[in-house]
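What follows is target.pdb (PDB, C-alpha atoms and all ligand atoms).
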```
MODEL        1
ATOM      1  CA  MET S 307      -0.512  18.445   1.124
ATOM      2  CA  SER S 308       0.782  16.994  -2.136
ATOM      3  CA  THR S 309      -0.163  14.122  -4.361
ATOM      4  CA  ILE S 310       2.687  11.661  -4.380
ATOM      5  CA  LYS S 311       2.585   9.137  -7.225
ATOM      6  CA  PHE S 312       4.791   6.086  -7.313
ATOM      7  CA  ARG S 313       4.903   2.454  -8.339
ATOM      8  CA  LEU S 314       4.583   0.138  -5.348
ATOM      9  CA  ASN S 315       5.266  -3.565  -5.788
ATOM     10  CA  GLY S 316       4.274  -3.371  -9.450
ATOM     11  CA  VAL S 317       1.143  -1.238  -9.002
ATOM     12  CA  ASP S 318       0.817   2.500  -9.715
ATOM     13  CA  VAL S 319      -0.397   4.244  -6.562
ATOM     14  CA  GLU S 320      -1.175   7.794  -5.438
ATOM     15  CA  PHE S 321      -1.166   9.153  -1.933
ATOM     16  CA  GLU S 322      -2.397  12.598  -0.921
ATOM     17  CA  SER S 323      -0.389  13.659   2.063
ATOM     18  CA  ASN S 324       2.319  15.656   3.699
ATOM     19  CA  PRO S 325       5.415  14.843   1.560
ATOM     20  CA  SER S 326       7.631  14.858   4.631
ATOM     21  CA  LEU S 327       5.947  11.767   6.087
ATOM     22  CA  ARG S 328       8.302   8.823   6.517
ATOM     23  CA  LEU S 329       8.007   6.226   3.767
ATOM     24  CA  LEU S 330       8.035   3.521   6.474
ATOM     25  CA  ASP S 331       4.879   4.920   8.079
ATOM     26  CA  VAL S 332       3.096   5.268   4.749
ATOM     27  CA  LEU S 333       3.937   1.685   3.797
ATOM     28  CA  ARG S 334       2.914   0.211   7.131
ATOM     29  CA  ASN S 335      -0.043   2.407   8.086
ATOM     30  CA  HIS S 336      -1.624   3.329   4.781
ATOM     31  CA  PHE S 337      -0.684   0.449   2.482
ATOM     32  CA  LYS S 338      -0.693  -2.162   5.273
ATOM     33  CA  LEU S 339       2.709  -3.497   4.209
ATOM     34  CA  THR S 340       4.152  -4.594   7.527
ATOM     35  CA  GLY S 341       7.180  -6.470   6.161
ATOM     36  CA  PRO S 342       9.446  -3.424   6.595
ATOM     37  CA  LYS S 343      10.007  -3.155  10.351
ATOM     38  CA  GLU S 344      10.836  -0.263  12.613
ATOM     39  CA  GLY S 345      13.958  -1.007  14.616
ATOM     40  CA  CYS S 346      16.053   2.042  15.384
ATOM     41  CA  GLY S 347      14.036   4.600  13.423
ATOM     42  CA  GLU S 348      17.302   6.422  12.716
ATOM     43  CA  GLY S 349      18.703   4.794   9.579
ATOM     44  CA  GLU S 350      21.117   2.538  11.446
ATOM     45  CA  CYS S 351      19.676  -0.989  11.576
ATOM     46  CA  GLY S 352      18.220  -1.755   8.122
ATOM     47  CA  ALA S 353      15.056  -3.419   9.456
ATOM     48  CA  CYS S 354      12.944  -1.005   7.399
ATOM     49  CA  ALA S 355      14.859  -1.477   4.127
ATOM     50  CA  VAL S 356      13.084  -1.377   0.772
ATOM     51  CA  LEU S 357      14.257  -1.008  -2.811
ATOM     52  CA  LEU S 358      13.882   2.425  -4.398
ATOM     53  CA  ASP S 359      14.501   2.231  -8.129
ATOM     54  CA  GLY S 360      16.425  -0.975  -7.396
ATOM     55  CA  LYS S 361      18.679   0.480  -4.705
ATOM     56  CA  ILE S 362      18.367  -0.247  -1.008
ATOM     57  CA  VAL S 363      17.122   2.607   1.187
ATOM     58  CA  ASN S 364      16.078   2.772   4.812
ATOM     59  CA  SER S 365      12.433   3.759   4.652
ATOM     60  CA  CYS S 366      12.495   5.224   8.182
ATOM     61  CA  ILE S 367      14.660   8.105   6.950
ATOM     62  CA  THR S 368      13.166   8.397   3.465
ATOM     63  CA  PRO S 369      10.607  11.201   3.119
ATOM     64  CA  LEU S 370       7.627  10.328   0.990
ATOM     65  CA  ALA S 371       8.598  13.142  -1.404
ATOM     66  CA  ASN S 372      11.681  11.137  -2.415
ATOM     67  CA  VAL S 373       9.617   8.359  -3.988
ATOM     68  CA  HIS S 374       7.536  10.568  -6.292
ATOM     69  CA  MET S 375       7.508   9.029  -9.786
ATOM     70  CA  LYS S 376       9.828   6.229  -8.655
ATOM     71  CA  GLU S 377       9.488   2.507  -8.007
ATOM     72  CA  VAL S 378       9.343   1.091  -4.491
ATOM     73  CA  ILE S 379       9.606  -2.630  -3.818
ATOM     74  CA  SER S 380       9.057  -3.904  -0.306
ATOM     75  CA  ILE S 381       9.572  -7.469   0.842
ATOM     76  CA  GLU S 382       5.928  -8.136  -0.063
ATOM     77  CA  GLY S 383       6.661  -7.366  -3.711
ATOM     78  CA  TYR S 384      10.055  -9.049  -3.734
ATOM     79  CA  ARG S 385       8.415 -12.180  -2.328
ATOM     80  CA  GLU S 386       6.706 -12.719  -5.695
ATOM     81  CA  THR S 387       9.994 -13.205  -7.552
ATOM     82  CA  LYS S 388      12.124 -16.218  -8.435
ATOM     83  CA  ARG S 389      15.097 -14.462  -6.855
ATOM     84  CA  TYR S 390      13.277 -14.365  -3.535
ATOM     85  CA  GLU S 391      12.531 -18.097  -3.775
ATOM     86  CA  ILE S 392      16.211 -18.902  -4.258
ATOM     87  CA  LEU S 393      17.296 -16.621  -1.449
ATOM     88  CA  LYS S 394      14.610 -17.921   0.900
ATOM     89  CA  GLU S 395      15.644 -21.531   0.275
ATOM     90  CA  ALA S 396      19.270 -20.621   0.917
ATOM     91  CA  MET S 397      18.346 -18.803   4.136
ATOM     92  CA  GLU S 398      16.352 -21.808   5.310
ATOM     93  CA  PHE S 399      19.145 -24.235   4.379
ATOM     94  CA  GLU S 400      21.833 -22.245   6.193
ATOM     95  CA  GLY S 401      19.682 -21.219   9.171
ATOM     96  CA  GLY S 402      19.993 -17.556   8.212
ATOM     97  CA  PHE S 403      17.195 -16.350  10.427
ATOM     98  CA  GLN S 404      16.032 -16.888  13.957
ATOM     99  CA  CYS S 405      13.608 -14.294  15.367
ATOM    100  CA  GLY S 406      13.081 -12.945  11.831
ATOM    101  CA  ILE S 407      12.935  -9.252  12.685
ATOM    102  CA  CYS S 408      15.937  -8.422  10.528
ATOM    103  CA  THR S 409      15.039 -10.895   7.784
ATOM    104  CA  PRO S 410      12.924  -8.693   5.451
ATOM    105  CA  GLY S 411      15.654  -6.046   5.460
ATOM    106  CA  MET S 412      18.373  -8.686   5.044
ATOM    107  CA  MET S 413      16.591 -10.138   2.022
ATOM    108  CA  ILE S 414      16.332  -6.670   0.491
ATOM    109  CA  ALA S 415      20.031  -6.034   1.202
ATOM    110  CA  ALA S 416      20.973  -9.386  -0.363
ATOM    111  CA  GLU S 417      18.882  -8.609  -3.432
ATOM    112  CA  SER S 418      20.459  -5.177  -3.746
ATOM    113  CA  LEU S 419      23.924  -6.748  -3.536
ATOM    114  CA  LEU S 420      23.282  -9.668  -5.891
ATOM    115  CA  SER S 421      21.611  -7.459  -8.492
ATOM    116  CA  GLN S 422      24.826  -5.437  -8.693
ATOM    117  CA  ASN S 423      27.268  -8.282  -8.130
ATOM    118  CA  SER S 424      25.905 -11.754  -8.871
ATOM    119  CA  HIS S 425      29.047 -13.556  -7.646
ATOM    120  CA  PRO S 426      30.202 -11.705  -4.547
ATOM    121  CA  THR S 427      33.074 -12.850  -2.383
ATOM    122  CA  GLU S 428      32.456 -13.500   1.296
ATOM    123  CA  GLU S 429      33.951 -10.123   2.126
ATOM    124  CA  GLU S 430      31.698  -8.411  -0.417
ATOM    125  CA  VAL S 431      28.658 -10.104   1.130
ATOM    126  CA  ARG S 432      29.703  -8.919   4.583
ATOM    127  CA  ILE S 433      30.071  -5.363   3.268
ATOM    128  CA  GLY S 434      26.775  -5.667   1.351
ATOM    129  CA  ILE S 435      24.779  -6.524   4.459
ATOM    130  CA  SER S 436      26.768  -4.311   6.802
ATOM    131  CA  GLY S 437      23.924  -1.786   7.039
ATOM    132  CA  ASN S 438      21.603  -4.448   8.434
ATOM    133  CA  LEU S 439      21.887  -5.441  12.052
ATOM    134  CA  CYS S 440      21.003  -8.925  13.305
ATOM    135  CA  ARG S 441      20.916  -9.653  17.005
ATOM    136  CA  CYS S 442      20.445 -13.412  16.669
ATOM    137  CA  THR S 443      22.494 -15.210  14.036
ATOM    138  CA  GLY S 444      25.998 -13.811  14.360
ATOM    139  CA  TYR S 445      25.831 -13.110  10.588
ATOM    140  CA  ASN S 446      27.827 -16.161   9.467
ATOM    141  CA  MET S 447      24.742 -18.129   8.467
ATOM    142  CA  ILE S 448      23.319 -15.164   6.586
ATOM    143  CA  VAL S 449      26.604 -14.714   4.718
ATOM    144  CA  LYS S 450      26.636 -18.411   3.818
ATOM    145  CA  ALA S 451      23.039 -18.143   2.628
ATOM    146  CA  VAL S 452      23.790 -15.236   0.303
ATOM    147  CA  LEU S 453      26.819 -17.082  -1.098
ATOM    148  CA  ARG S 454      24.694 -20.194  -1.572
ATOM    149  CA  ALA S 455      21.964 -18.186  -3.322
ATOM    150  CA  SER S 456      24.507 -16.634  -5.672
ATOM    151  CA  LYS S 457      25.585 -20.144  -6.746
ATOM    152  CA  LYS S 458      22.087 -21.617  -6.915
ATOM    153  CA  GLY S 459      20.792 -18.581  -8.750
ATOM    154  CA  GLU S 460      23.259 -18.786 -11.621
ATOM    155  CA  GLY S 461      21.852 -16.661 -14.444
ATOM    156  CA  ILE S 462      18.987 -15.322 -12.323
ATOM    157  CA  TRP S 463      20.851 -12.278 -11.035
TER     158      TRP S 463
HETATM  159  S1  LIG O 501      14.340   1.296  11.464
HETATM  160 FE1  LIG O 501      15.120   2.152   9.660
HETATM  161  S2  LIG O 501      17.235   1.802   9.745
HETATM  162 FE2  LIG O 501      16.484   1.074  11.665
HETATM  163  S1  LIG O 502      17.220 -13.199  13.122
HETATM  164 FE1  LIG O 502      16.740 -12.049  14.902
HETATM  165  S2  LIG O 502      17.592 -10.102  14.493
HETATM  166 FE2  LIG O 502      18.226 -11.322  12.839
ENDMDL
END
```
Show this structure as structure tokens.
Ligand code: FES
Ligand code: FES
Amino acid sequence: MSTIKFRLNGVDVEFESNPSLRLLDVLRNHFKLTGPKEGCGEGECGACAVLLDGKIVNSCITPLANVHMKEVISIEGYRETKRYEILKEAMEFEGGFQCGICTPGMMIAAESLLSQNSHPTEEEVRIGISGNLCRCTGYNMIVKAVLRASKKGEGIW
């Protein structure tokens, strides 16, 4: 057992546990943050994506030890930001989600991309979300939404 300390959605937290636990399980079961979803459980689909020190990671393959003294932002924390608002409006406008299972991870992927490249090309958006699988939309509407958000969010990213 170890004491893992990290910042979660703006709050300093501690968790006494086996450091090899999956971050996804700790978020969902202990902190009751159910935005990150379990899809494949193997790091392939992006449904469980969160930001770790601002970079996207798949929480299903991230051991708890990796977040010690770092900052984790899940969709629940990201939802409190202006950037989220802009992205959400763009997703709604373009019809970027249907069943919604992939959406939390897609939003995190879009944030990760836009925070590094505020004016991506269509190809860069497609590459940026390529680690996130969507079974419903065919991706085009999500790509349009991210491009729309990058225009609407001028100066925000
Ligand atoms: S559930 Fe983590 S990448 Fe699929
Ligand atoms: S909206 Fe259903 S998987 Fe993406």
So which residues get picked by the PyMOL selection byres (((chain S and resi 366-371) around 6) and not hetatm) here, written as number ranges by chain?
S: 325-330, 347, 349, 364-365, 372-374
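Going from CA of Met412 in chain S to CA of Arg432 in chain S covers 11.3 Å.
Between CA of Phe403 in chain S and CA of Arg441 in chain S there is a distance of 10.1 Å.
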Please find the residues contacting ligand LIG 501 (chain O) at a distance of at most 10 Å between atoms, with all atoms listed in the file counted, and report them as an MDAnalysis selection string.
chainID S and resid 330 342:356 363:368 408 411 437:439
Counting all atoms listed in the file, closest pick from S:Ser323, S:Ser418, S:Ser424, S:Thr409 relative to Ala455 in chain S is S:Ser424
Would you write out, as number ranges by chain, every residue that the PyMOL selection byres (((chain S and resi 421) around 12) and not hetatm) captures in this file?
S: 357, 360-362, 389-390, 413-420, 422-426, 434, 452, 455-456, 459-463
Per-axis box centre and lengths in Å around range 363-368 of chain S, 6 Å margin per side, axis-aligned, as lines of an AutoDock Vina configuration file:
```
center_x = 14.8
center_y = 5.5
center_z = 4.7
size_x = 16.7
size_y = 17.8
size_z = 19.0
```
Write out as a ChimeraX atom specification which residues come within 12 Å of Arg385 in chain S when counting all atoms listed in the file, dropping same-chain ones fewer than 3 positions away.
/S:315,341,379-382,388-394,410,413-414,417
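Distance check against ligand LIG 502 (chain O) using all atoms listed in the file: of S:Glu430, S:Glu377, S:Glu398, S:Asp318, the minimum falls on S:Glu398.
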Pick from S:Lys458, S:Thr443, S:Met397, S:Phe337, whichever lies nearest to ligand LIG 502 (chain O) using all atoms listed in the file:
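The shortest atom-to-atom distance to ligand LIG 502 (chain O) comes from S:Thr443.
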In terms of the shortest atom-to-atom distance over all atoms listed in the file, which of S:Glu429, S:Ala396, S:Lys450, S:Gly402 is closest to ligand LIG 502 (chain O)?
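Closest to ligand LIG 502 (chain O), using all atoms listed in the file: S:Gly402.
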Of the listed residues S:Ser436, S:Arg334, S:Asp359, S:Gly444, that which approaches ligand LIG 502 (chain O) most closely, counting all atoms listed in the file:
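Closest to ligand LIG 502 (chain O), using all atoms listed in the file: S:Gly444.
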Record the distance separating CA of Ile448 in chain S and CA of Leu358 in chain S, expressed in Å with one decimal.
22.8 Å
For each of S:Glu400, S:Ile407, S:Met307, S:Ile433, take the minimum atom-to-atom distance to Ala451 in chain S, counting only C-alpha atoms, then give the residue where this is smallest.
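Result for the nearest residue to Ala451 in chain S: S:Glu400.
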Kindly complete range 436-455 of chain S to N, CA, C and O atoms; the output should be written as a PDB file, keeping the file's coordinate frame.
```pdb
ATOM      1  N   SER S 436      26.246  -4.966   5.591  1.00  0.00           N
ATOM      2  CA  SER S 436      26.768  -4.311   6.802  1.00  0.00           C
ATOM      3  C   SER S 436      25.828  -3.233   7.346  1.00  0.00           C
ATOM      4  O   SER S 436      25.955  -2.826   8.501  1.00  0.00           O
ATOM      5  N   GLY S 437      24.882  -2.778   6.545  1.00  0.00           N
ATOM      6  CA  GLY S 437      23.924  -1.786   7.039  1.00  0.00           C
ATOM      7  C   GLY S 437      22.727  -2.417   7.723  1.00  0.00           C
ATOM      8  O   GLY S 437      21.802  -1.717   8.129  1.00  0.00           O
ATOM      9  N   ASN S 438      22.745  -3.737   7.839  1.00  0.00           N
ATOM     10  CA  ASN S 438      21.603  -4.448   8.434  1.00  0.00           C
ATOM     11  C   ASN S 438      22.063  -5.188   9.680  1.00  0.00           C
ATOM     12  O   ASN S 438      22.907  -6.085   9.598  1.00  0.00           O
ATOM     13  N   LEU S 439      21.489  -4.822  10.793  1.00  0.00           N
ATOM     14  CA  LEU S 439      21.887  -5.441  12.052  1.00  0.00           C
ATOM     15  C   LEU S 439      21.041  -6.673  12.350  1.00  0.00           C
ATOM     16  O   LEU S 439      19.839  -6.693  12.106  1.00  0.00           O
ATOM     17  N   CYS S 440      21.700  -7.715  12.869  1.00  0.00           N
ATOM     18  CA  CYS S 440      21.003  -8.925  13.305  1.00  0.00           C
ATOM     19  C   CYS S 440      21.482  -9.244  14.709  1.00  0.00           C
ATOM     20  O   CYS S 440      22.687  -9.347  14.950  1.00  0.00           O
ATOM     21  N   ARG S 441      20.539  -9.395  15.611  1.00  0.00           N
ATOM     22  CA  ARG S 441      20.916  -9.653  17.005  1.00  0.00           C
ATOM     23  C   ARG S 441      20.966 -11.141  17.308  1.00  0.00           C
ATOM     24  O   ARG S 441      21.297 -11.529  18.424  1.00  0.00           O
ATOM     25  N   CYS S 442      20.593 -11.986  16.355  1.00  0.00           N
ATOM     26  CA  CYS S 442      20.445 -13.412  16.669  1.00  0.00           C
ATOM     27  C   CYS S 442      21.501 -14.325  16.048  1.00  0.00           C
ATOM     28  O   CYS S 442      21.991 -15.229  16.710  1.00  0.00           O
ATOM     29  N   THR S 443      21.800 -14.146  14.784  1.00  0.00           N
ATOM     30  CA  THR S 443      22.494 -15.210  14.036  1.00  0.00           C
ATOM     31  C   THR S 443      24.011 -15.125  14.079  1.00  0.00           C
ATOM     32  O   THR S 443      24.681 -16.089  13.727  1.00  0.00           O
ATOM     33  N   GLY S 444      24.545 -13.959  14.441  1.00  0.00           N
ATOM     34  CA  GLY S 444      25.998 -13.811  14.360  1.00  0.00           C
ATOM     35  C   GLY S 444      26.472 -13.611  12.933  1.00  0.00           C
ATOM     36  O   GLY S 444      27.685 -13.619  12.672  1.00  0.00           O
ATOM     37  N   TYR S 445      25.567 -13.466  11.992  1.00  0.00           N
ATOM     38  CA  TYR S 445      25.831 -13.110  10.588  1.00  0.00           C
ATOM     39  C   TYR S 445      26.389 -14.241   9.734  1.00  0.00           C
ATOM     40  O   TYR S 445      26.161 -14.273   8.528  1.00  0.00           O
ATOM     41  N   ASN S 446      27.147 -15.176  10.320  1.00  0.00           N
ATOM     42  CA  ASN S 446      27.827 -16.161   9.467  1.00  0.00           C
ATOM     43  C   ASN S 446      26.838 -16.961   8.623  1.00  0.00           C
ATOM     44  O   ASN S 446      27.097 -17.254   7.446  1.00  0.00           O
ATOM     45  N   MET S 447      25.710 -17.311   9.210  1.00  0.00           N
ATOM     46  CA  MET S 447      24.742 -18.129   8.467  1.00  0.00           C
ATOM     47  C   MET S 447      24.065 -17.314   7.371  1.00  0.00           C
ATOM     48  O   MET S 447      23.746 -17.830   6.299  1.00  0.00           O
ATOM     49  N   ILE S 448      23.895 -16.034   7.630  1.00  0.00           N
ATOM     50  CA  ILE S 448      23.319 -15.164   6.586  1.00  0.00           C
ATOM     51  C   ILE S 448      24.305 -15.029   5.430  1.00  0.00           C
ATOM     52  O   ILE S 448      23.928 -15.107   4.252  1.00  0.00           O
ATOM     53  N   VAL S 449      25.572 -14.840   5.764  1.00  0.00           N
ATOM     54  CA  VAL S 449      26.604 -14.714   4.718  1.00  0.00           C
ATOM     55  C   VAL S 449      26.651 -15.985   3.881  1.00  0.00           C
ATOM     56  O   VAL S 449      26.663 -15.939   2.641  1.00  0.00           O
ATOM     57  N   LYS S 450      26.628 -17.134   4.553  1.00  0.00           N
ATOM     58  CA  LYS S 450      26.636 -18.411   3.818  1.00  0.00           C
ATOM     59  C   LYS S 450      25.408 -18.520   2.919  1.00  0.00           C
ATOM     60  O   LYS S 450      25.495 -19.031   1.800  1.00  0.00           O
ATOM     61  N   ALA S 451      24.272 -18.059   3.412  1.00  0.00           N
ATOM     62  CA  ALA S 451      23.039 -18.143   2.628  1.00  0.00           C
ATOM     63  C   ALA S 451      23.134 -17.291   1.362  1.00  0.00           C
ATOM     64  O   ALA S 451      22.714 -17.721   0.278  1.00  0.00           O
ATOM     65  N   VAL S 452      23.681 -16.106   1.487  1.00  0.00           N
ATOM     66  CA  VAL S 452      23.790 -15.236   0.303  1.00  0.00           C
ATOM     67  C   VAL S 452      24.766 -15.858  -0.702  1.00  0.00           C
ATOM     68  O   VAL S 452      24.504 -15.858  -1.919  1.00  0.00           O
ATOM     69  N   LEU S 453      25.861 -16.423  -0.194  1.00  0.00           N
ATOM     70  CA  LEU S 453      26.819 -17.082  -1.098  1.00  0.00           C
ATOM     71  C   LEU S 453      26.169 -18.286  -1.772  1.00  0.00           C
ATOM     72  O   LEU S 453      26.358 -18.533  -2.972  1.00  0.00           O
ATOM     73  N   ARG S 454      25.389 -19.031  -1.017  1.00  0.00           N
ATOM     74  CA  ARG S 454      24.694 -20.194  -1.572  1.00  0.00           C
ATOM     75  C   ARG S 454      23.693 -19.750  -2.650  1.00  0.00           C
ATOM     76  O   ARG S 454      23.606 -20.343  -3.723  1.00  0.00           O
ATOM     77  N   ALA S 455      22.950 -18.687  -2.350  1.00  0.00           N
ATOM     78  CA  ALA S 455      21.964 -18.186  -3.322  1.00  0.00           C
ATOM     79  C   ALA S 455      22.653 -17.733  -4.602  1.00  0.00           C
ATOM     80  O   ALA S 455      22.142 -17.953  -5.704  1.00  0.00           O
TER      81      ALA S 455
END
```
